[in-house]
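Next comes coords.cif, with mmCIF, C-alpha atoms.
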data_structure
loop_
_atom_site.label_atom_id
_atom_site.label_comp_id
_atom_site.auth_asym_id
_atom_site.auth_seq_id
_atom_site.Cartn_x
_atom_site.Cartn_y
_atom_site.Cartn_z
CA MET T 450 -4.10 -23.50 67.53
CA ILE T 451 -2.88 -25.14 64.33
CA ASN T 452 -0.52 -23.00 62.30
CA GLN T 453 -1.36 -21.20 59.07
CA THR T 454 0.23 -23.64 56.61
CA THR T 455 -1.49 -26.68 58.07
CA ALA T 456 -4.78 -24.81 58.14
CA ASN T 457 -4.44 -23.94 54.46
CA ILE T 458 -3.51 -27.47 53.41
CA LEU T 459 -6.46 -28.79 55.38
CA ARG T 460 -8.72 -26.20 53.75
CA PHE T 461 -7.42 -27.11 50.29
CA VAL T 462 -8.22 -30.80 50.73
CA THR T 463 -11.55 -30.29 52.51
CA LEU T 464 -12.86 -27.80 49.95
CA ILE T 465 -11.95 -30.06 47.03
CA ILE T 466 -13.68 -33.02 48.68
CA VAL T 467 -16.82 -30.99 49.46
CA GLN T 468 -16.87 -29.46 45.99
CA VAL T 469 -16.30 -32.67 44.07
CA PHE T 470 -18.35 -35.17 46.05
CA LEU T 471 -21.17 -33.00 47.32
CA LEU T 472 -21.66 -29.75 45.42
CA LYS T 473 -21.00 -31.28 42.02
CA ASN T 474 -24.40 -32.92 42.25
CA ILE T 475 -26.25 -29.82 43.42
CA GLY T 476 -27.55 -27.13 41.12
CA TYR T 477 -30.65 -25.27 40.10
CA TYR T 478 -31.40 -26.20 36.48
CA ASN T 479 -27.82 -25.52 35.48
CA LEU T 480 -28.58 -21.85 36.17
CA ALA T 481 -27.24 -21.54 39.69
CA VAL T 482 -24.29 -23.84 40.28
CA PRO T 483 -22.43 -23.55 43.60
CA PHE T 484 -18.64 -23.42 43.68
CA ILE T 485 -17.14 -23.24 47.14
CA TYR T 486 -13.52 -23.93 46.26
CA PRO T 487 -12.63 -20.24 45.52
CA LEU T 488 -12.86 -19.78 49.28
CA PHE T 489 -9.42 -21.38 49.53
CA ILE T 490 -7.93 -18.67 47.33
CA LEU T 491 -9.88 -15.93 49.11
CA ARG T 492 -8.57 -17.10 52.48
CA LEU T 493 -4.88 -17.35 51.58
CA PRO T 494 -2.64 -15.13 53.78
CA MET T 495 -2.49 -11.40 53.00
CA ARG T 496 1.27 -11.23 52.45
CA ILE T 497 1.61 -14.30 50.26
CA GLN T 498 4.15 -14.09 47.42
CA GLN T 499 2.57 -13.57 44.03
CA ILE T 500 4.25 -16.59 42.47
CA ALA T 501 3.07 -18.79 45.33
CA LEU T 502 -0.46 -17.40 44.97
CA TYR T 503 -0.60 -18.14 41.25
CA THR T 504 0.88 -21.59 41.70
CA LEU T 505 -1.71 -22.43 44.35
CA CYS T 506 -4.49 -21.06 42.10
CA PHE T 507 -3.20 -23.19 39.27
CA LEU T 508 -3.02 -26.28 41.51
CA MET T 509 -6.52 -25.70 42.84
CA GLY T 510 -7.95 -25.22 39.37
CA ILE T 511 -6.25 -28.24 37.88
CA SER T 512 -7.35 -30.46 40.78
CA ILE T 513 -10.98 -29.41 40.31
CA ASP T 514 -10.61 -29.88 36.55
CA THR T 515 -9.36 -33.41 37.07
CA PHE T 516 -12.56 -34.34 38.88
CA TYR T 517 -14.87 -32.34 36.63
CA ASN T 518 -13.18 -33.74 33.51
CA THR T 519 -12.78 -30.27 31.98
CA PRO T 520 -9.02 -29.76 31.54
CA GLY T 521 -8.09 -26.07 31.77
CA LEU T 522 -11.56 -24.64 32.42
CA HIS T 523 -11.42 -24.14 36.18
CA THR T 524 -7.67 -23.50 35.96
CA THR T 525 -8.22 -20.47 33.75
CA ALA T 526 -10.90 -19.09 36.03
CA CYS T 527 -8.80 -19.72 39.17
CA VAL T 528 -5.72 -18.00 37.79
CA SER T 529 -7.79 -14.95 36.87
CA LEU T 530 -9.23 -15.03 40.38
CA GLY T 531 -5.63 -14.80 41.64
CA LEU T 532 -5.09 -11.63 39.59
CA PHE T 533 -8.34 -10.09 40.79
CA ARG T 534 -7.45 -10.89 44.40
CA ILE T 535 -4.08 -9.14 44.12
CA TYR T 536 -5.60 -5.98 42.69
CA TYR T 537 -8.61 -6.02 45.01
CA LEU T 538 -6.41 -6.23 48.09
CA LYS T 539 -4.01 -3.60 46.71
CA ILE T 540 -6.85 -1.12 46.24
CA GLY T 541 -9.13 -2.14 49.09
CA ILE T 542 -6.80 -2.69 52.04
CA GLN T 543 -4.97 0.63 52.45
CA GLN T 544 -8.12 2.62 52.96
CA ASP T 545 -9.52 0.14 55.44
CA LYS T 546 -6.30 -0.10 57.55
CA PHE T 547 -6.39 -3.85 57.87
CA GLU T 548 -2.75 -4.25 56.91
CA ASN T 549 -1.77 -6.09 60.04
CA GLU T 550 -4.30 -8.84 59.67
CA PRO T 551 -2.76 -12.21 58.71
CA GLU T 552 -5.53 -13.42 56.44
CA PRO T 553 -8.80 -12.08 55.07
CA GLY T 554 -11.60 -13.83 56.96
CA ILE T 555 -15.04 -13.05 58.25
CA LYS T 556 -13.89 -12.66 61.86
CA THR T 557 -10.71 -10.75 61.23
CA MET T 558 -12.12 -8.27 58.73
CA GLY T 559 -15.78 -8.10 59.69
CA ALA T 560 -18.86 -9.53 58.05
CA GLN T 561 -19.57 -6.58 55.75
CA TRP T 562 -16.04 -6.36 54.36
CA PHE T 563 -15.89 -10.10 53.83
CA LEU T 564 -19.26 -10.22 52.05
CA VAL T 565 -18.26 -7.52 49.57
CA TYR T 566 -14.82 -9.06 49.08
CA ALA T 567 -16.23 -12.57 48.52
CA SER T 568 -19.09 -11.40 46.27
CA VAL T 569 -16.91 -9.30 43.96
CA LEU T 570 -14.20 -11.90 43.54
CA THR T 571 -16.58 -14.85 43.30
CA PHE T 572 -18.60 -13.06 40.66
CA ALA T 573 -15.43 -12.37 38.67
CA HIS T 574 -14.43 -16.02 38.97
CA HIS T 575 -17.87 -17.34 37.99
CA PHE T 576 -18.22 -14.95 35.10
CA ILE T 577 -14.90 -16.02 33.60
CA LEU T 578 -15.66 -19.67 34.29
CA PHE T 579 -19.05 -19.63 32.54
CA PHE T 580 -17.78 -17.41 29.76
CA ILE T 581 -14.97 -19.81 28.94
CA GLU T 582 -17.38 -22.72 29.17
CA ILE T 583 -19.66 -21.12 26.54
CA PHE T 584 -16.67 -19.60 24.71
CA ARG T 585 -18.45 -17.13 22.50
CA LEU T 586 -19.68 -13.57 22.83
CA THR T 587 -23.21 -14.12 21.53
CA ASP T 588 -24.53 -15.76 24.72
CA ILE T 589 -23.12 -13.12 27.07
CA GLY T 590 -26.52 -12.42 28.61
CA PHE T 591 -26.97 -16.04 29.65
CA VAL T 592 -23.44 -16.07 31.07
CA PHE T 593 -24.25 -12.95 33.08
CA THR T 594 -27.45 -14.39 34.56
CA ARG T 595 -25.74 -17.64 35.38
CA ALA T 596 -22.83 -15.85 37.04
CA ILE T 597 -25.08 -13.65 39.22
CA LEU T 598 -27.31 -16.50 40.41
CA SER T 599 -24.39 -18.81 41.03
CA THR T 600 -22.53 -16.08 42.93
CA LEU T 601 -25.51 -15.70 45.29
CA PHE T 602 -25.50 -19.44 45.89
CA SER T 603 -21.73 -19.73 46.32
CA VAL T 604 -21.31 -16.69 48.57
CA THR T 605 -24.08 -17.93 50.86
CA LEU T 606 -22.34 -21.28 51.16
CA MET T 607 -18.94 -19.63 51.73
CA SER T 608 -20.26 -17.37 54.49
CA LEU T 609 -21.95 -20.30 56.23
CA THR T 610 -18.73 -22.29 56.06
CA GLU T 611 -16.76 -19.34 57.42
CA LEU T 612 -19.11 -18.95 60.35
CA MET T 613 -19.25 -22.67 61.10
CA PHE T 614 -15.60 -23.69 60.92
CA TRP T 615 -13.04 -20.94 60.70
CA GLY T 616 -14.98 -18.30 62.49
CA LYS T 617 -14.08 -19.48 65.95
CA LYS T 618 -10.36 -18.86 65.70
CA ARG T 619 -9.91 -15.68 67.76
CA MET V 837 18.76 -4.53 31.03
CA ARG V 838 18.19 -2.82 34.37
CA ASN V 839 15.15 -1.07 33.00
CA LEU V 840 13.81 -4.37 31.81
CA LEU V 841 14.25 -5.86 35.29
CA ILE V 842 12.51 -2.88 36.85
CA PHE V 843 9.69 -3.24 34.36
CA ILE V 844 9.32 -6.95 35.12
CA ASN V 845 9.40 -6.24 38.86
CA ARG V 846 6.74 -3.54 38.62
CA TYR V 847 4.34 -5.58 36.53
CA SER V 848 5.24 -8.96 37.99
CA ALA V 849 1.66 -9.63 39.10
CA PHE V 850 0.33 -9.14 35.63
CA LEU V 851 3.18 -10.96 33.88
CA LEU V 852 2.83 -13.98 36.15
CA PHE V 853 -0.90 -13.88 35.52
CA LEU V 854 -0.28 -13.89 31.76
CA LEU V 855 2.11 -16.82 32.09
CA PHE V 856 -0.23 -18.99 34.16
CA GLU V 857 -3.31 -17.96 32.22
CA SER V 858 -1.76 -18.86 28.87
CA ILE V 859 -0.78 -22.28 30.23
CA ALA V 860 -4.33 -22.81 31.48
CA LEU V 861 -5.92 -21.62 28.25
CA SER V 862 -3.70 -23.81 26.11
CA ILE V 863 -4.62 -26.81 28.26
CA LEU V 864 -8.25 -25.83 27.77
CA VAL V 865 -8.12 -25.41 24.00
CA ILE V 866 -5.97 -28.47 23.37
CA ASN V 867 -7.96 -30.89 25.52
CA ASN V 868 -11.59 -29.88 24.99
CA THR V 869 -13.09 -30.61 21.59
CA TYR V 870 -15.83 -28.00 21.94
CA GLN V 871 -13.55 -25.09 22.78
CA ARG V 872 -11.04 -26.24 20.16
CA SER V 873 -13.63 -26.37 17.41
CA ILE V 874 -14.81 -22.86 18.26
CA THR V 875 -11.25 -21.54 18.31
CA ILE V 876 -10.49 -23.09 14.94
CA SER V 877 -13.72 -21.96 13.31
CA SER V 878 -13.35 -18.38 14.50
CA ALA V 879 -9.75 -18.40 13.28
CA ASN V 880 -11.04 -19.58 9.89
CA GLU V 881 -13.63 -16.83 9.86
CA LEU V 882 -10.92 -14.28 10.55
CA VAL V 883 -8.72 -15.59 7.75
CA GLY V 884 -11.62 -15.68 5.31
CA ASP V 885 -12.54 -12.13 6.19
CA ALA V 886 -8.94 -11.01 5.75
CA TYR V 887 -8.82 -12.61 2.30
CA TYR V 888 -12.08 -10.93 1.38
CA ARG V 889 -10.80 -7.49 2.39
CA LEU V 890 -7.47 -7.96 0.65
CA ASN V 891 -9.32 -8.99 -2.45
CA SER V 892 -11.55 -5.94 -2.44
CA VAL V 893 -8.41 -3.76 -2.43
CA GLU V 894 -6.78 -5.78 -5.19
CA ASP V 895 -9.90 -5.37 -7.30
CA TYR V 896 -9.35 -1.64 -7.46
CA LEU V 897 -5.70 -1.99 -8.30
CA SER V 898 -6.35 -4.16 -11.32
CA LEU V 899 -9.47 -2.33 -12.46
CA LYS V 900 -7.82 -1.09 -15.62
CA SER V 901 -6.66 -4.46 -16.91
CA THR V 902 -10.02 -5.99 -15.97
CA ASN V 903 -11.79 -3.28 -17.95
CA ASP V 904 -9.52 -3.91 -20.90
CA SER V 905 -10.19 -7.60 -20.94
CA LEU V 906 -13.93 -7.02 -20.55
CA SER V 907 -14.09 -4.54 -23.40
CA SER V 908 -12.09 -6.78 -25.70
CA GLU V 909 -14.37 -9.63 -24.80
CA ASN V 910 -17.37 -7.42 -25.52
CA ALA V 911 -15.95 -6.72 -28.93
CA ALA V 912 -15.43 -10.42 -29.58
CA LEU V 913 -19.01 -11.16 -28.56
CA ARG V 914 -20.33 -8.35 -30.73
CA ASN V 915 -18.57 -9.98 -33.66
CA GLN V 916 -20.60 -13.10 -33.11
CA LEU V 917 -23.95 -11.33 -33.08
CA GLN V 918 -26.44 -12.29 -35.76
CA THR V 919 -26.60 -8.68 -36.85
CA SER V 920 -22.95 -8.53 -37.68
CA PHE V 921 -23.31 -11.24 -40.33
CA LEU V 922 -24.76 -10.77 -43.71
CA ASN V 923 -27.96 -12.78 -44.00
CA THR V 924 -27.66 -15.01 -47.06
CA ARG V 925 -30.29 -17.53 -46.07
CA LEU V 926 -33.14 -17.86 -48.54
CA ASP V 927 -35.78 -19.67 -46.48
CA THR V 928 -38.08 -17.35 -44.62
CA HIS V 929 -39.96 -19.51 -42.15
CA ARG V 930 -38.29 -20.69 -39.01
CA VAL V 931 -37.84 -24.38 -38.49
CA TYR V 932 -37.38 -25.83 -35.05
CA SER V 933 -33.82 -26.94 -34.93
CA PRO V 934 -31.46 -27.80 -32.14
CA ILE V 935 -29.04 -25.27 -33.57
CA ASN V 936 -31.25 -22.48 -32.31
CA GLU V 937 -31.58 -23.93 -28.86
CA GLN V 938 -29.14 -22.64 -26.32
CA ARG V 939 -26.97 -25.35 -24.94
CA TYR V 940 -24.42 -23.56 -22.79
CA LEU V 941 -25.09 -20.93 -20.13
CA TYR V 942 -22.36 -18.76 -18.68
CA LEU V 943 -22.33 -17.44 -15.14
CA SER V 944 -19.75 -14.84 -14.18
CA ALA V 945 -17.88 -15.32 -10.90
CA GLN V 946 -15.05 -13.62 -9.14
CA VAL V 947 -11.87 -15.39 -8.05
CA ILE V 948 -11.34 -14.88 -4.32
CA ASN V 949 -8.49 -17.27 -3.71
CA ASN V 950 -5.99 -18.69 -6.12
CA SER V 951 -2.77 -20.65 -6.17
CA ILE V 952 -0.33 -21.49 -8.95
CA HIS V 953 2.77 -22.63 -7.11
CA GLN V 954 1.43 -25.80 -5.50
CA LYS V 955 1.70 -29.25 -6.96
CA ASN V 956 -2.10 -29.33 -7.16
CA ASN V 957 -3.71 -25.94 -7.54
CA TYR V 958 -7.22 -24.88 -6.63
CA ILE V 959 -9.16 -21.69 -7.19
CA THR V 960 -12.00 -20.45 -4.96
CA VAL V 961 -14.76 -18.43 -6.62
CA ASN V 962 -17.63 -16.49 -5.04
CA LYS V 963 -20.57 -18.42 -6.48
CA GLY V 964 -22.03 -21.56 -4.91
CA PHE V 965 -24.98 -23.91 -5.23
CA VAL V 966 -27.33 -21.05 -4.32
CA ASP V 967 -26.40 -19.66 -7.73
CA GLY V 968 -26.88 -23.01 -9.43
CA ILE V 969 -23.30 -24.22 -9.49
CA LYS V 970 -22.87 -27.99 -9.39
CA LYS V 971 -19.92 -30.27 -9.09
CA GLY V 972 -18.33 -31.10 -12.42
CA MET V 973 -19.08 -27.88 -14.28
CA GLY V 974 -16.43 -26.36 -16.49
CA VAL V 975 -14.81 -23.00 -15.75
CA ILE V 976 -13.36 -20.66 -18.36
CA SER V 977 -11.85 -17.19 -18.29
CA PRO V 978 -12.08 -14.52 -20.98
CA SER V 979 -8.75 -15.76 -22.37
CA GLY V 980 -9.19 -19.53 -22.12
CA VAL V 981 -9.92 -22.66 -20.13
CA VAL V 982 -9.46 -22.54 -16.34
CA GLY V 983 -10.61 -25.80 -14.77
CA ILE V 984 -13.42 -27.90 -13.32
CA VAL V 985 -15.65 -27.29 -10.27
CA VAL V 986 -14.88 -29.94 -7.65
CA ASN V 987 -16.51 -28.68 -4.48
CA VAL V 988 -19.54 -26.48 -3.85
CA SER V 989 -20.76 -24.71 -0.69
CA PRO V 990 -23.81 -22.39 -0.53
CA ARG V 991 -21.86 -19.31 -1.60
CA PHE V 992 -18.46 -20.52 -2.76
CA SER V 993 -17.06 -23.16 -5.02
CA ILE V 994 -13.64 -24.69 -5.36
CA VAL V 995 -12.30 -25.08 -8.87
CA GLN V 996 -9.68 -27.68 -9.64
CA SER V 997 -7.43 -25.63 -11.85
CA LEU V 998 -5.84 -26.88 -15.05
CA LEU V 999 -2.63 -26.79 -13.00
CA HIS V 1000 -3.50 -30.01 -11.20
CA LYS V 1001 -2.17 -33.48 -11.77
CA ASP V 1002 -5.64 -35.03 -12.15
CA THR V 1003 -7.08 -32.50 -14.57
CA ARG V 1004 -7.53 -33.80 -18.14
CA ILE V 1005 -9.27 -31.68 -20.71
CA SER V 1006 -10.37 -32.87 -24.10
CA ALA V 1007 -8.62 -30.60 -26.59
CA MET V 1008 -8.16 -30.37 -30.34
CA ILE V 1009 -5.93 -28.64 -32.82
CA GLU V 1010 -8.06 -25.94 -34.39
CA ARG V 1011 -6.62 -26.29 -37.90
CA ASN V 1012 -7.20 -30.00 -38.55
CA LYS V 1013 -9.63 -30.97 -35.76
CA SER V 1014 -7.55 -33.86 -34.47
CA PHE V 1015 -8.13 -34.28 -30.76
CA GLY V 1016 -6.24 -35.43 -27.69
CA SER V 1017 -6.17 -34.70 -24.00
CA LEU V 1018 -4.45 -31.86 -22.28
CA ILE V 1019 -2.64 -32.28 -18.97
CA TRP V 1020 -0.34 -30.07 -16.94
CA GLY V 1021 2.86 -31.98 -17.74
CA ASP V 1022 5.86 -30.84 -15.72
CA GLN V 1023 3.85 -29.40 -12.82
CA ILE V 1024 6.29 -26.53 -12.41
CA ASP V 1025 5.52 -23.81 -14.94
CA SER V 1026 2.07 -22.24 -14.64
CA ARG V 1027 2.07 -21.20 -18.30
CA LYS V 1028 2.93 -24.58 -19.86
CA ALA V 1029 0.91 -27.75 -20.42
CA VAL V 1030 1.23 -30.90 -22.51
CA LEU V 1031 -1.14 -32.20 -25.18
CA LYS V 1032 -1.16 -36.00 -25.45
CA ASP V 1033 -2.72 -38.69 -27.60
CA ILE V 1034 -2.35 -36.92 -30.95
CA PRO V 1035 -1.28 -39.57 -33.48
CA SER V 1036 2.14 -38.94 -34.99
CA HIS V 1037 0.87 -38.86 -38.58
CA VAL V 1038 -1.03 -35.63 -37.94
CA LYS V 1039 0.65 -32.64 -39.53
CA ILE V 1040 1.12 -29.80 -37.09
CA LYS V 1041 3.42 -26.82 -36.76
CA THR V 1042 4.46 -24.54 -33.93
CA GLY V 1043 2.03 -21.70 -33.36
CA ASP V 1044 -1.04 -23.82 -34.11
CA LYS V 1045 -3.93 -22.93 -31.85
CA ILE V 1046 -5.30 -25.51 -29.41
CA VAL V 1047 -8.98 -25.22 -28.50
CA THR V 1048 -11.48 -27.31 -26.58
CA SER V 1049 -13.02 -30.16 -28.53
CA GLY V 1050 -16.56 -29.84 -27.18
CA PHE V 1051 -16.73 -33.50 -26.20
CA SER V 1052 -17.06 -32.74 -22.48
CA LEU V 1053 -17.94 -29.87 -20.14
CA PHE V 1054 -16.75 -27.05 -22.35
CA PRO V 1055 -18.29 -25.79 -25.57
CA SER V 1056 -16.06 -26.42 -28.53
CA GLY V 1057 -13.65 -23.75 -29.68
CA ILE V 1058 -12.69 -22.22 -26.32
CA PRO V 1059 -9.01 -21.31 -26.63
CA ILE V 1060 -6.51 -23.29 -24.58
CA GLY V 1061 -3.13 -22.22 -25.96
CA LYS V 1062 -0.57 -22.43 -28.71
CA ILE V 1063 1.90 -25.13 -29.69
CA THR V 1064 5.44 -24.14 -28.77
CA ARG V 1065 7.32 -27.38 -29.42
CA PHE V 1066 6.51 -30.92 -30.51
CA GLY V 1067 8.15 -34.22 -31.24
CA VAL V 1068 7.81 -37.97 -31.11
CA LYS V 1069 9.07 -39.46 -27.91
CA GLY V 1070 11.07 -42.66 -28.14
CA GLY V 1071 9.50 -44.10 -31.29
CA GLY V 1072 5.97 -43.97 -29.97
CA SER V 1073 2.98 -43.52 -32.19
CA PHE V 1074 1.77 -40.41 -30.43
CA LEU V 1075 3.11 -36.90 -30.54
CA ASP V 1076 4.33 -35.05 -27.47
CA ILE V 1077 3.21 -31.47 -27.78
CA ASP V 1078 4.16 -28.58 -25.51
CA VAL V 1079 1.45 -25.99 -25.19
CA PHE V 1080 1.77 -22.38 -24.05
CA LEU V 1081 -1.47 -21.75 -22.14
CA ALA V 1082 -3.69 -18.85 -23.16
CA THR V 1083 -4.89 -18.28 -19.60
CA ASN V 1084 -2.52 -16.55 -17.24
CA PHE V 1085 -3.45 -18.24 -13.97
CA GLY V 1086 -1.37 -15.81 -11.94
CA THR V 1087 -3.59 -12.83 -12.73
CA LEU V 1088 -6.95 -14.58 -12.90
CA GLU V 1089 -9.78 -12.42 -11.62
CA TYR V 1090 -13.12 -13.04 -13.30
CA VAL V 1091 -14.17 -16.42 -14.61
CA TYR V 1092 -17.25 -17.88 -16.24
CA ILE V 1093 -18.80 -21.08 -15.04
CA VAL V 1094 -20.22 -23.06 -17.93
CA THR V 1095 -23.54 -24.85 -17.47
CA ASP V 1096 -24.18 -27.53 -20.06
CA LYS V 1097 -27.97 -27.82 -20.32
CA MET V 1098 -27.83 -30.99 -22.36
CA LYS V 1099 -25.21 -32.80 -20.33
CA LYS V 1100 -27.75 -35.11 -18.71
CA GLU V 1101 -29.35 -35.99 -22.00
CA GLN V 1102 -25.99 -36.79 -23.58
CA GLU V 1103 -24.83 -38.80 -20.59
CA SER V 1104 -27.99 -40.88 -20.36
CA LEU V 1105 -27.85 -41.64 -24.08
CA GLU V 1106 -24.23 -42.67 -23.82
CA SER V 1107 -24.80 -44.78 -20.75
CA ASN V 1108 -27.47 -46.72 -22.66
CA LEU V 1109 -24.78 -47.68 -25.07
CA LYS V 1110 -22.55 -49.04 -22.36
CA ASN V 1111 -25.34 -51.24 -21.00
CA ASP V 1112 -25.73 -53.11 -24.28
#
Any chance you could put this one into structure tokens?
Amino acid sequence: MINQTTANILRFVTLIIVQVFLLKNIGYYNLAVPFIYPLFILRLPMRIQQIALYTLCFLMGISIDTFYNTPGLHTTACVSLGLFRIYYLKIGIQQDKFENEPEPGIKTMGAQWFLVYASVLTFAHHFILFFIEIFRLTDIGFVFTRAILSTLFSVTLMSLTELMFWGKKR
Amino acid sequence: MRNLLIFINRYSAFLLFLLFESIALSILVINNTYQRSITISSANELVGDAYYRLNSVEDYLSLKSTNDSLSSENAALRNQLQTSFLNTRLDTHRVYSPINEQRYLYLSAQVINNSIHQKNNYITVNKGFVDGIKKGMGVISPSGVVGIVVNVSPRFSIVQSLLHKDTRISAMIERNKSFGSLIWGDQIDSRKAVLKDIPSHVKIKTGDKIVTSGFSLFPSGIPIGKITRFGVKGGGSFLDIDVFLATNFGTLEYVYIVTDKMKKEQESLESNLKND
């Protein structure tokens, strides 16, 4: 099997390509917009250094921003996703005794755990992303609706991808 | 130092997050016009609100002096009432005459922002075009002339103060009615101005009162200041007169905006003349 670093680099590139060339053109009336690239951050190894995690989040965000022509927008959301991931794993892992697992995936952690993990973090990411895009408190209801619908869309796509490609590893 | 390191180590996740997030947000705000405009406008709103609150506190602090100036002004107005003059007129029926028609209207406004230390000073007051303020109206205070309205929004107007290099006000010496124009000469002292264009043959002395001439914007006889020093500069035919201003711009609080109801009529008549 290919090692972890190569797998992550491959995932980084593939997800950007899919996001930018395919998913950028898909959306339901601007209400549900799929973003699959957070999967890269979700799937980073469990014991990754915090500085490495944030740097990778920053890199991911800025690459997406380059293609979407929105400097800083996805970067901000991605970096916050990094923070949420750290705290989610800190709180969630000890109770579930998954400490020995190398990376959080659908096969290693189980479908239920992964779905909750992906939904919570993706929702946080989408909410921040749409909130910063609107950038004012008055339209918070619209931001909320958008974030929920888009999370449904994105998490479905992420789970399908997990099952199709990286699910077979073990 | 060790405690600091321990602190950084404990909260490293959050500190790193703050670092990266601030970089990302600054990229966002600097590069996107939409987000930048919202940031700037909400910052403006905040500053405006802060000024407003500060002002409402300052109002209370200077309540006493404001009351004093209002009551003295009341007394001055009472002196001008018809009833305080002895009626010596013999004719009994009223004749329509322009003397009885009101020409100037006064609208009271509160100063909410003011500067005196700039090279060009502006005052913001809390009345705008909703209240009927238009560009070019004169502004006076209880003690004297203040300036000219230059910019109007729905609720606020900007007044170009007398302490501005482009402000010229038609002024005259009260005693002998000779007129000239008043400018803010040295642009340093907020209490001093210069009266120009008074011919050197006019007899004046220090302490003479300077008032508005009534040729433009302001009604005649609004106080401007007193002569402190005068002289002929370099053999010219005009006098150079230093004026101590009656208005203290540093403590300005309530002003009156002067509406000239016959300005249009006068201007159209005068423009006819120029066409000939």
Which residues of chain T have any atom within 6 Å of an atom in chain V when counting only C-alpha atoms, and what is the closest pair of atoms for each, with the distance in Å to one decimal? Order the rows by chain and rising number and write it as JSON lines.
{"residue": "T:Pro520", "atom": "CA", "partner": "V:Leu864", "partner_atom": "CA", "distance": 5.5}
{"residue": "T:Gly521", "atom": "CA", "partner": "V:Leu864", "partner_atom": "CA", "distance": 4.0}
{"residue": "T:Leu522", "atom": "CA", "partner": "V:Leu864", "partner_atom": "CA", "distance": 5.8}
{"residue": "T:Thr524", "atom": "CA", "partner": "V:Ala860", "partner_atom": "CA", "distance": 5.6}
{"residue": "T:Thr525", "atom": "CA", "partner": "V:Ala860", "partner_atom": "CA", "distance": 5.1}
Any chance you can output those residues with C-alpha atoms as an mmCIF file, keeping the file's coordinate frame?
data_model
loop_
_atom_site.group_PDB
_atom_site.id
_atom_site.type_symbol
_atom_site.label_atom_id
_atom_site.label_comp_id
_atom_site.auth_asym_id
_atom_site.auth_seq_id
_atom_site.Cartn_x
_atom_site.Cartn_y
_atom_site.Cartn_z
ATOM 1 C CA PRO T 520 -9.020 -29.760 31.540
ATOM 2 C CA GLY T 521 -8.090 -26.070 31.770
ATOM 3 C CA LEU T 522 -11.560 -24.640 32.420
ATOM 4 C CA THR T 524 -7.670 -23.500 35.960
ATOM 5 C CA THR T 525 -8.220 -20.470 33.750
#
I want to know what sits within 12 Å of T:Pro483, based on only C-alpha atoms, with residues of the same chain fewer than 5 positions away left out; could you give that as a list of chain:residue names? T:Val467, T:Gln468, T:Val469, T:Leu471, T:Leu472, T:Lys473, T:Asn474, T:Ile475, T:Gly476, T:Tyr477, T:Tyr478, T:Leu488, T:Thr571, T:Phe572, T:His574, T:His575, T:Arg595, T:Ala596, T:Ile597, T:Leu598, T:Ser599, T:Thr600, T:Leu601, T:Phe602, T:Ser603, T:Val604, T:Thr605, T:Leu606, T:Met607
Put those residues in a file: C-alpha atoms, as a CSV table (one decimal), keeping the file's coordinate frame.
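Below is the file out.csv, written as the result:
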chain,number,residue,atom,x,y,z
T,467,VAL,CA,-16.8,-31.0,49.5
T,468,GLN,CA,-16.9,-29.5,46.0
T,469,VAL,CA,-16.3,-32.7,44.1
T,471,LEU,CA,-21.2,-33.0,47.3
T,472,LEU,CA,-21.7,-29.8,45.4
T,473,LYS,CA,-21.0,-31.3,42.0
T,474,ASN,CA,-24.4,-32.9,42.2
T,475,ILE,CA,-26.2,-29.8,43.4
T,476,GLY,CA,-27.6,-27.1,41.1
T,477,TYR,CA,-30.6,-25.3,40.1
T,478,TYR,CA,-31.4,-26.2,36.5
T,488,LEU,CA,-12.9,-19.8,49.3
T,571,THR,CA,-16.6,-14.8,43.3
T,572,PHE,CA,-18.6,-13.1,40.7
T,574,HIS,CA,-14.4,-16.0,39.0
T,575,HIS,CA,-17.9,-17.3,38.0
T,595,ARG,CA,-25.7,-17.6,35.4
T,596,ALA,CA,-22.8,-15.8,37.0
T,597,ILE,CA,-25.1,-13.6,39.2
T,598,LEU,CA,-27.3,-16.5,40.4
T,599,SER,CA,-24.4,-18.8,41.0
T,600,THR,CA,-22.5,-16.1,42.9
T,601,LEU,CA,-25.5,-15.7,45.3
T,602,PHE,CA,-25.5,-19.4,45.9
T,603,SER,CA,-21.7,-19.7,46.3
T,604,VAL,CA,-21.3,-16.7,48.6
T,605,THR,CA,-24.1,-17.9,50.9
T,606,LEU,CA,-22.3,-21.3,51.2
T,607,MET,CA,-18.9,-19.6,51.7
Specify as a PyMOL selection string each residue included when the PyMOL selection byres ((chain V and resi 999-1001) around 12) is applied to this file. chain V and resi 950-959+981-984+986+995-998+1002-1005+1018-1030+1081+1083-1086
Test item: the PyMOL selection byres ((chain T and resi 509) around 10) resolved as a list of chain:residue names: T:Phe461, T:Val462, T:Leu464, T:Ile465, T:Tyr486, T:Pro487, T:Phe489, T:Ile490, T:Tyr503, T:Thr504, T:Leu505, T:Cys506, T:Phe507, T:Leu508, T:Gly510, T:Ile511, T:Ser512, T:Ile513, T:Asp514, T:His523, T:Thr524, T:Cys527, T:Val528
Resolved residues for the PyMOL selection byres ((chain V and resi 895-908) around 10) as a PyMOL selection string: chain V and resi 889-894+909-914+946+978-979+1087-1090
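Taking atom CA of V:Gly968 and atom CA of V:Ala1007 as endpoints, the distance between them is 26.2 Å.
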Kindly give the distance, in Å, that separates atom CA of V:Gly1016 and atom CA of V:Thr1048, rounded to a single decimal.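 So the two atoms, atom CA of V:Gly1016 and atom CA of V:Thr1048, lie 9.7 Å apart.
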